[in-house]
Amino acid sequence: MPKPLVAANWKMNGSRAFVEEFFGAFDLAGVEVDVAICPPFPYLSLVADCVASVASERLSVGAQNASQEESGAYTGEVSTGMLADFGVQYVIVGHSERRSRYGESSELVAEKFSAVKRAGLVPILCVGETLEEREGGHTLEVVRAQLEAVTDFAGNDAWHGAVVAYEPVWAIGTGKTATPEQAQEVHRFIREKLGEAGAETPLLYGGSVKGANAGALFAQADIDGALVGGASLDAKEFAGICRAA
Ligand code: PEP
């Protein structure tokens, strides 16, 4: 059985004061799933300290990106080894904002995915189609190609110890959520594509998840949790989503 996970993607939001306020208000009571908080790089250390003070095995720290390289002359980059050094456990790779705004190809994302695994961390691989691709009937083809880029680079064993997040691009930050049935169709497809590892790989849904729609999404057979952007900036709303998982 995949272990359910709800991950908060704070994107480029927050401040020292925000981190302190968030952890002051974030209440894990009634939360029965693993939870990861993925702040911007400068706040990883502070978030790691806050997570340690909560002292719950359920709560951990994630990063939103990492370099595919291990060290060297890569100005502005952050390696997976450095993230591990700061107590990070999860790393988001291939978020649609990185694919579209920073030109990250599926091949580069596959290299990052492998670098995360080499460091002993858990990659959260994001896949998903644009509105145009969905309307053109290409959703499964797009998702298949994004997954195959990883297996082509890292082999079929790649999925052991990984998490996959289905995030339809048209649902991210737009307030439009895929219906539970639309999401389930793609999740089932992803599970099948992952082969033998599919049965144990957590599959998260991401795209305008809120307290109000989380329960219906999590009720689907192949939705094991969520990757939450906007709603994860509100500690109470985010705790409600975690409780629904
Ligand atoms: C995300 O950025 O991964 C995301 C799902 O954002 P939102 O929840 O704001 O749609």
# chains A, B, ... in the order shown; residues from 1 in each chain; ligands from 1
$ residues_near_ligand --ligand "ligand 1" --cutoff "10 Å" --atoms "only C-alpha atoms and all ligand atoms" --output "ChimeraX atom specification"
/A:7-11,64,92,95-97,126,165-177,204-210,226-233
$ write_last_selection --atoms "N, CA and C atoms" --output "short mmCIF file (atom, residue, chain, number, x, y, z; two decimals), in the first residue's frame"
data_model
loop_
_atom_site.label_atom_id
_atom_site.label_comp_id
_atom_site.auth_asym_id
_atom_site.auth_seq_id
_atom_site.Cartn_x
_atom_site.Cartn_y
_atom_site.Cartn_z
N ALA A 7 2.01 17.27 0.70
CA ALA A 7 3.18 18.14 0.67
C ALA A 7 2.76 19.57 0.38
N ALA A 8 3.38 20.49 1.12
CA ALA A 8 3.10 21.92 0.93
C ALA A 8 4.18 22.52 0.04
N ASN A 9 3.77 23.09 -1.08
CA ASN A 9 4.72 23.80 -1.95
C ASN A 9 4.50 25.29 -1.75
N TRP A 10 5.35 25.89 -0.96
CA TRP A 10 5.18 27.32 -0.66
C TRP A 10 5.60 28.21 -1.84
N LYS A 11 6.22 27.61 -2.85
CA LYS A 11 6.74 28.39 -3.99
C LYS A 11 7.62 29.54 -3.48
N GLN A 64 12.08 22.58 -3.19
CA GLN A 64 11.25 22.74 -4.40
C GLN A 64 12.01 22.46 -5.70
N ILE A 92 10.97 18.29 -4.75
CA ILE A 92 10.05 18.38 -5.90
C ILE A 92 10.91 18.54 -7.16
N HIS A 95 8.35 20.49 -11.49
CA HIS A 95 7.12 21.27 -11.32
C HIS A 95 6.85 22.02 -12.63
N SER A 96 5.58 22.18 -12.98
CA SER A 96 5.26 22.79 -14.28
C SER A 96 5.81 24.21 -14.39
N GLU A 97 5.92 24.91 -13.25
CA GLU A 97 6.49 26.27 -13.33
C GLU A 97 7.96 26.21 -13.73
N CYS A 126 6.72 15.82 -10.67
CA CYS A 126 5.45 16.40 -11.13
C CYS A 126 5.27 16.14 -12.62
N ALA A 165 3.52 13.21 -8.56
CA ALA A 165 2.38 14.12 -8.38
C ALA A 165 1.79 14.44 -9.75
N TYR A 166 0.51 14.12 -9.91
CA TYR A 166 -0.19 14.53 -11.13
C TYR A 166 -0.74 15.93 -10.91
N GLU A 167 -0.23 16.86 -11.69
CA GLU A 167 -0.65 18.26 -11.55
C GLU A 167 -1.04 18.81 -12.93
N PRO A 168 -2.34 18.74 -13.26
CA PRO A 168 -2.74 19.34 -14.53
C PRO A 168 -2.40 20.83 -14.51
N VAL A 169 -1.66 21.27 -15.50
CA VAL A 169 -1.15 22.66 -15.49
C VAL A 169 -2.31 23.66 -15.40
N TRP A 170 -3.43 23.33 -16.04
CA TRP A 170 -4.58 24.23 -16.07
C TRP A 170 -5.26 24.35 -14.72
N ALA A 171 -4.89 23.48 -13.77
CA ALA A 171 -5.52 23.53 -12.44
C ALA A 171 -4.61 24.16 -11.40
N ILE A 172 -3.38 24.49 -11.78
CA ILE A 172 -2.43 25.00 -10.78
C ILE A 172 -2.62 26.50 -10.59
N GLY A 173 -3.00 26.87 -9.38
CA GLY A 173 -3.14 28.28 -9.02
C GLY A 173 -4.29 28.98 -9.74
N THR A 174 -5.18 28.22 -10.36
CA THR A 174 -6.25 28.84 -11.14
C THR A 174 -7.61 28.77 -10.44
N GLY A 175 -7.67 27.96 -9.37
CA GLY A 175 -8.96 27.75 -8.72
C GLY A 175 -9.78 26.67 -9.42
N LYS A 176 -9.30 26.20 -10.58
CA LYS A 176 -10.01 25.10 -11.28
C LYS A 176 -9.37 23.79 -10.85
N THR A 177 -10.18 22.90 -10.31
CA THR A 177 -9.63 21.59 -9.90
C THR A 177 -10.10 20.55 -10.90
N LEU A 204 0.26 11.64 -5.77
CA LEU A 204 -0.39 12.83 -5.23
C LEU A 204 -1.12 13.57 -6.33
N TYR A 205 -2.21 14.21 -5.98
CA TYR A 205 -2.87 15.11 -6.92
C TYR A 205 -2.52 16.55 -6.54
N GLY A 206 -2.28 17.39 -7.52
CA GLY A 206 -2.03 18.81 -7.23
C GLY A 206 -2.74 19.69 -8.23
N GLY A 207 -3.31 20.78 -7.75
CA GLY A 207 -4.02 21.72 -8.61
C GLY A 207 -5.22 22.26 -7.89
N SER A 208 -5.02 23.42 -7.20
CA SER A 208 -6.11 24.10 -6.49
C SER A 208 -6.79 23.21 -5.45
N VAL A 209 -6.01 22.37 -4.77
CA VAL A 209 -6.59 21.58 -3.68
C VAL A 209 -6.84 22.51 -2.49
N LYS A 210 -8.03 22.35 -1.87
CA LYS A 210 -8.42 23.14 -0.70
C LYS A 210 -9.10 22.19 0.28
N ALA A 226 -1.73 14.76 -1.66
CA ALA A 226 -1.79 15.97 -2.47
C ALA A 226 -0.50 16.76 -2.39
N LEU A 227 -0.25 17.50 -3.47
CA LEU A 227 0.79 18.53 -3.47
C LEU A 227 0.01 19.84 -3.52
N VAL A 228 0.19 20.66 -2.50
CA VAL A 228 -0.69 21.82 -2.31
C VAL A 228 0.12 23.11 -2.40
N GLY A 229 -0.29 24.00 -3.30
CA GLY A 229 0.39 25.29 -3.44
C GLY A 229 -0.27 26.34 -2.56
N GLY A 230 -1.11 27.17 -3.17
CA GLY A 230 -1.72 28.32 -2.49
C GLY A 230 -2.29 28.01 -1.11
N ALA A 231 -3.06 26.93 -1.00
CA ALA A 231 -3.74 26.64 0.27
C ALA A 231 -2.77 26.20 1.36
N SER A 232 -1.52 25.89 0.98
CA SER A 232 -0.56 25.46 2.02
C SER A 232 0.04 26.64 2.76
N LEU A 233 -0.28 27.86 2.30
CA LEU A 233 0.24 29.05 2.99
C LEU A 233 -0.63 29.44 4.18
#
$ closest_atom_pairs --of "range 85-158 of chain A" --to "range 28-47 of chain A" --cutoff "12 Å" --atoms "only C-alpha atoms" --output "Markdown table"
| residue | atom | partner | partner_atom | distance |
| --- | --- | --- | --- | --- |
| A:Asp85 | CA | A:Ser45 | CA | 9.9 |
| A:Phe86 | CA | A:Ser45 | CA | 6.2 |
| A:Gly87 | CA | A:Ser45 | CA | 8.0 |
| A:Val88 | CA | A:Leu44 | CA | 7.7 |
| A:Gln89 | CA | A:Ala36 | CA | 8.4 |
| A:Tyr90 | CA | A:Ala36 | CA | 7.5 |
| A:Val91 | CA | A:Cys38 | CA | 8.0 |
| A:Ile92 | CA | A:Cys38 | CA | 8.3 |
| A:Val93 | CA | A:Cys38 | CA | 11.8 |
| A:Val122 | CA | A:Ala36 | CA | 11.1 |
| A:Ile124 | CA | A:Ala36 | CA | 10.8 |
$ closest_residue --among "A:Lys3, A:Ser106, A:Lys236, A:Gln220" --to "Ala199 in chain A" --atoms "only C-alpha atoms"
A:Lys3
$ closest_residue --among "A:Thr80, A:Thr139, A:Thr151, A:Thr130" --to "Arg118 in chain A" --atoms "only C-alpha atoms"
A:Thr80
$ closest_residue --among "A:Val116, A:Leu140, A:Ala197, A:Leu108" --to "Ala183 in chain A" --atoms "only C-alpha atoms"
A:Leu140
$ residues_around --residues "Gly211 in chain A" --least-positions-apart "2" --cutoff "8 Å" --atoms "only C-alpha atoms" --output "PyMOL selection string"
chain A and resi 209+213-215+237-238+240-241+244
$ closest_residue --among "A:Glu185, A:Ala17, A:Asp234, A:Val164" --to "Pro2 in chain A" --atoms "only C-alpha atoms"
A:Val164
$ select_by_dssp --residues "range 47-180 of chain A" --states "alpha helix (DSSP H)" --output "JSON list (two decimals) with N, CA and C atoms, in the first residue's frame"
[["chain", "number", "residue", "atom", "x", "y", "z"],
["A", 47, "VAL", "N", 12.79, 26.04, 8.79],
["A", 47, "VAL", "CA", 11.68, 25.08, 8.76],
["A", 47, "VAL", "C", 12.13, 23.75, 9.39],
["A", 48, "ALA", "N", 13.37, 23.34, 9.10],
["A", 48, "ALA", "CA", 13.88, 22.09, 9.71],
["A", 48, "ALA", "C", 13.88, 22.21, 11.23],
["A", 49, "ASP", "N", 14.26, 23.38, 11.75],
["A", 49, "ASP", "CA", 14.24, 23.58, 13.21],
["A", 49, "ASP", "C", 12.81, 23.51, 13.74],
["A", 50, "CYS", "N", 11.88, 24.15, 13.02],
["A", 50, "CYS", "CA", 10.47, 24.13, 13.47],
["A", 50, "CYS", "C", 9.92, 22.72, 13.44],
["A", 51, "VAL", "N", 10.27, 21.98, 12.38],
["A", 51, "VAL", "CA", 9.80, 20.59, 12.26],
["A", 51, "VAL", "C", 10.37, 19.76, 13.41],
["A", 52, "ALA", "N", 11.64, 19.98, 13.73],
["A", 52, "ALA", "CA", 12.25, 19.22, 14.83],
["A", 52, "ALA", "C", 11.55, 19.55, 16.14],
["A", 53, "SER", "N", 11.13, 20.81, 16.31],
["A", 53, "SER", "CA", 10.49, 21.16, 17.58],
["A", 53, "SER", "C", 9.08, 20.58, 17.68],
["A", 54, "VAL", "N", 8.45, 20.29, 16.53],
["A", 54, "VAL", "CA", 7.12, 19.65, 16.57],
["A", 54, "VAL", "C", 7.28, 18.18, 17.00],
["A", 80, "THR", "N", 21.79, 18.27, -4.24],
["A", 80, "THR", "CA", 20.97, 17.38, -3.40],
["A", 80, "THR", "C", 21.72, 17.03, -2.11],
["A", 81, "GLY", "N", 23.07, 16.93, -2.21],
["A", 81, "GLY", "CA", 23.86, 16.64, -1.01],
["A", 81, "GLY", "C", 23.71, 17.75, 0.02],
["A", 82, "MET", "N", 23.69, 19.00, -0.46],
["A", 82, "MET", "CA", 23.53, 20.15, 0.46],
["A", 82, "MET", "C", 22.15, 20.07, 1.12],
["A", 83, "LEU", "N", 21.16, 19.69, 0.34],
["A", 83, "LEU", "CA", 19.80, 19.60, 0.90],
["A", 83, "LEU", "C", 19.74, 18.51, 1.97],
["A", 84, "ALA", "N", 20.39, 17.38, 1.69],
["A", 84, "ALA", "CA", 20.41, 16.29, 2.67],
["A", 84, "ALA", "C", 21.09, 16.77, 3.95],
["A", 85, "ASP", "N", 22.13, 17.58, 3.78],
["A", 85, "ASP", "CA", 22.89, 18.11, 4.91],
["A", 85, "ASP", "C", 22.01, 18.98, 5.83],
["A", 96, "SER", "N", 5.58, 22.18, -12.98],
["A", 96, "SER", "CA", 5.26, 22.79, -14.28],
["A", 96, "SER", "C", 5.81, 24.21, -14.39],
["A", 97, "GLU", "N", 5.92, 24.91, -13.25],
["A", 97, "GLU", "CA", 6.49, 26.27, -13.33],
["A", 97, "GLU", "C", 7.96, 26.21, -13.73],
["A", 98, "ARG", "N", 8.67, 25.18, -13.31],
["A", 98, "ARG", "CA", 10.09, 25.04, -13.70],
["A", 98, "ARG", "C", 10.18, 24.57, -15.15],
["A", 99, "ARG", "N", 9.23, 23.72, -15.55],
["A", 99, "ARG", "CA", 9.27, 23.27, -16.94],
["A", 99, "ARG", "C", 8.98, 24.44, -17.88],
["A", 100, "SER", "N", 7.93, 25.24, -17.54],
["A", 100, "SER", "CA", 7.51, 26.26, -18.50],
["A", 100, "SER", "C", 8.30, 27.56, -18.35],
["A", 101, "ARG", "N", 8.62, 27.97, -17.13],
["A", 101, "ARG", "CA", 9.29, 29.28, -16.96],
["A", 101, "ARG", "C", 10.80, 29.19, -17.03],
["A", 106, "SER", "N", 12.03, 17.34, -20.01],
["A", 106, "SER", "CA", 11.79, 16.08, -19.30],
["A", 106, "SER", "C", 13.10, 15.34, -19.08],
["A", 107, "GLU", "N", 14.07, 15.53, -19.97],
["A", 107, "GLU", "CA", 15.38, 14.86, -19.83],
["A", 107, "GLU", "C", 16.14, 15.45, -18.64],
["A", 108, "LEU", "N", 16.10, 16.78, -18.52],
["A", 108, "LEU", "CA", 16.76, 17.42, -17.38],
["A", 108, "LEU", "C", 16.07, 17.01, -16.07],
["A", 109, "VAL", "N", 14.76, 16.99, -16.11],
["A", 109, "VAL", "CA", 13.99, 16.59, -14.92],
["A", 109, "VAL", "C", 14.40, 15.16, -14.51],
["A", 110, "ALA", "N", 14.60, 14.29, -15.49],
["A", 110, "ALA", "CA", 15.01, 12.91, -15.18],
["A", 110, "ALA", "C", 16.39, 12.89, -14.52],
["A", 111, "GLU", "N", 17.28, 13.77, -14.97],
["A", 111, "GLU", "CA", 18.61, 13.84, -14.34],
["A", 111, "GLU", "C", 18.49, 14.32, -12.90],
["A", 112, "LYS", "N", 17.62, 15.30, -12.68],
["A", 112, "LYS", "CA", 17.42, 15.81, -11.32],
["A", 112, "LYS", "C", 16.82, 14.72, -10.43],
["A", 113, "PHE", "N", 15.86, 14.02, -10.98],
["A", 113, "PHE", "CA", 15.21, 12.91, -10.26],
["A", 113, "PHE", "C", 16.28, 11.92, -9.78],
["A", 114, "SER", "N", 17.19, 11.56, -10.68],
["A", 114, "SER", "CA", 18.23, 10.59, -10.33],
["A", 114, "SER", "C", 19.18, 11.16, -9.28],
["A", 115, "ALA", "N", 19.51, 12.46, -9.41],
["A", 115, "ALA", "CA", 20.41, 13.09, -8.43],
["A", 115, "ALA", "C", 19.78, 13.06, -7.04],
["A", 116, "VAL", "N", 18.48, 13.29, -6.98],
["A", 116, "VAL", "CA", 17.77, 13.26, -5.69],
["A", 116, "VAL", "C", 17.88, 11.86, -5.08],
["A", 117, "LYS", "N", 17.66, 10.85, -5.91],
["A", 117, "LYS", "CA", 17.72, 9.48, -5.40],
["A", 117, "LYS", "C", 19.14, 9.12, -4.96],
["A", 118, "ARG", "N", 20.13, 9.54, -5.73],
["A", 118, "ARG", "CA", 21.53, 9.23, -5.36],
["A", 118, "ARG", "C", 21.88, 9.80, -3.99],
["A", 131, "LEU", "N", -3.85, 22.92, -20.69],
["A", 131, "LEU", "CA", -5.26, 22.92, -21.09],
["A", 131, "LEU", "C", -5.40, 22.53, -22.56],
["A", 132, "GLU", "N", -4.49, 23.07, -23.37],
["A", 132, "GLU", "CA", -4.53, 22.78, -24.81],
["A", 132, "GLU", "C", -4.34, 21.27, -25.05],
["A", 133, "GLU", "N", -3.40, 20.70, -24.30],
["A", 133, "GLU", "CA", -3.15, 19.26, -24.46],
["A", 133, "GLU", "C", -4.35, 18.44, -24.01],
["A", 134, "ARG", "N", -4.99, 18.86, -22.91],
["A", 134, "ARG", "CA", -6.20, 18.13, -22.47],
["A", 134, "ARG", "C", -7.30, 18.26, -23.51],
["A", 135, "GLU", "N", -7.53, 19.49, -23.97],
["A", 135, "GLU", "CA", -8.61, 19.69, -24.93],
["A", 135, "GLU", "C", -8.35, 18.97, -26.25],
["A", 139, "THR", "N", -3.86, 14.10, -22.99],
["A", 139, "THR", "CA", -3.42, 14.04, -21.59],
["A", 139, "THR", "C", -2.54, 12.83, -21.29],
["A", 140, "LEU", "N", -3.03, 11.64, -21.62],
["A", 140, "LEU", "CA", -2.29, 10.43, -21.23],
["A", 140, "LEU", "C", -0.97, 10.31, -21.98],
["A", 141, "GLU", "N", -0.99, 10.77, -23.22],
["A", 141, "GLU", "CA", 0.23, 10.74, -24.03],
["A", 141, "GLU", "C", 1.32, 11.64, -23.42],
["A", 142, "VAL", "N", 0.90, 12.83, -22.95],
["A", 142, "VAL", "CA", 1.85, 13.78, -22.35],
["A", 142, "VAL", "C", 2.41, 13.19, -21.06],
["A", 143, "VAL", "N", 1.53, 12.66, -20.24],
["A", 143, "VAL", "CA", 1.96, 12.10, -18.96],
["A", 143, "VAL", "C", 2.87, 10.89, -19.20],
["A", 144, "ARG", "N", 2.51, 10.09, -20.18],
["A", 144, "ARG", "CA", 3.34, 8.91, -20.50],
["A", 144, "ARG", "C", 4.76, 9.36, -20.88],
["A", 145, "ALA", "N", 4.86, 10.37, -21.72],
["A", 145, "ALA", "CA", 6.19, 10.83, -22.17],
["A", 145, "ALA", "C", 7.00, 11.38, -20.99],
["A", 146, "GLN", "N", 6.32, 12.09, -20.07],
["A", 146, "GLN", "CA", 7.04, 12.64, -18.92],
["A", 146, "GLN", "C", 7.55, 11.52, -18.01],
["A", 147, "LEU", "N", 6.76, 10.45, -17.87],
["A", 147, "LEU", "CA", 7.20, 9.31, -17.05],
["A", 147, "LEU", "C", 8.31, 8.53, -17.76],
["A", 148, "GLU", "N", 8.14, 8.36, -19.06],
["A", 148, "GLU", "CA", 9.14, 7.56, -19.79],
["A", 148, "GLU", "C", 10.50, 8.23, -19.83],
["A", 149, "ALA", "N", 10.53, 9.56, -19.78],
["A", 149, "ALA", "CA", 11.83, 10.26, -19.75],
["A", 149, "ALA", "C", 12.61, 9.80, -18.52],
["A", 150, "VAL", "N", 11.89, 9.56, -17.41],
["A", 150, "VAL", "CA", 12.57, 9.12, -16.18],
["A", 150, "VAL", "C", 13.02, 7.65, -16.32],
["A", 151, "THR", "N", 12.15, 6.80, -16.82],
["A", 151, "THR", "CA", 12.57, 5.38, -16.93],
["A", 151, "THR", "C", 13.67, 5.23, -17.99],
["A", 152, "ASP", "N", 13.63, 6.04, -19.05],
["A", 152, "ASP", "CA", 14.69, 5.95, -20.06],
["A", 152, "ASP", "C", 16.04, 6.30, -19.43],
["A", 153, "PHE", "N", 16.03, 7.29, -18.54],
["A", 153, "PHE", "CA", 17.29, 7.75, -17.95],
["A", 153, "PHE", "C", 17.70, 6.88, -16.76],
["A", 154, "ALA", "N", 16.74, 6.51, -15.93],
["A", 154, "ALA", "CA", 17.07, 5.89, -14.64],
["A", 154, "ALA", "C", 16.67, 4.41, -14.56],
["A", 180, "PRO", "N", -12.72, 14.74, -9.35],
["A", 180, "PRO", "CA", -12.11, 13.52, -8.79],
["A", 180, "PRO", "C", -12.01, 12.42, -9.85]]
$ closest_residue --among "A:Val19, A:Ala216, A:Glu200, A:Tyr102" --to "Ala162 in chain A" --atoms "only C-alpha atoms"
A:Glu200
$ select_by_dssp --residues "range 19-243 of chain A" --states "strand (DSSP E or B)" --output "compact mmCIF listing (two decimals) with C-alpha atoms, in the first residue's frame"
# COMPACT_ATOMS: atom_id res chain seq x y z
CA ASP A 34 2.93 12.02 6.31
CA VAL A 35 3.29 15.75 5.76
CA ALA A 36 6.17 17.60 4.07
CA ILE A 37 6.74 21.35 4.06
CA CYS A 38 8.68 22.64 1.04
CA LEU A 59 6.36 15.83 9.57
CA SER A 60 9.38 16.45 7.33
CA VAL A 61 11.05 19.05 5.15
CA GLY A 62 11.18 19.20 1.36
CA ALA A 63 12.85 21.40 -1.23
CA VAL A 88 15.65 17.69 3.72
CA GLN A 89 13.86 14.42 2.87
CA TYR A 90 11.81 15.25 -0.22
CA VAL A 91 12.66 17.24 -3.36
CA ILE A 92 10.05 18.38 -5.90
CA VAL A 93 11.34 17.92 -9.46
CA VAL A 122 12.73 11.13 -2.13
CA PRO A 123 11.90 12.84 -5.44
CA ILE A 124 8.36 14.15 -5.93
CA LEU A 125 8.12 14.06 -9.72
CA CYS A 126 5.45 16.40 -11.13
CA VAL A 127 3.72 15.50 -14.38
CA VAL A 163 6.56 9.94 -5.27
CA VAL A 164 4.67 11.08 -8.39
CA ALA A 165 2.38 14.12 -8.38
CA TYR A 166 -0.19 14.53 -11.13
CA LEU A 203 0.51 9.28 -6.20
CA LEU A 204 -0.39 12.83 -5.23
CA TYR A 205 -2.87 15.11 -6.92
CA GLY A 225 -2.39 12.50 -1.12
CA ALA A 226 -1.79 15.97 -2.47
CA LEU A 227 0.79 18.53 -3.47
CA VAL A 228 -0.69 21.82 -2.31
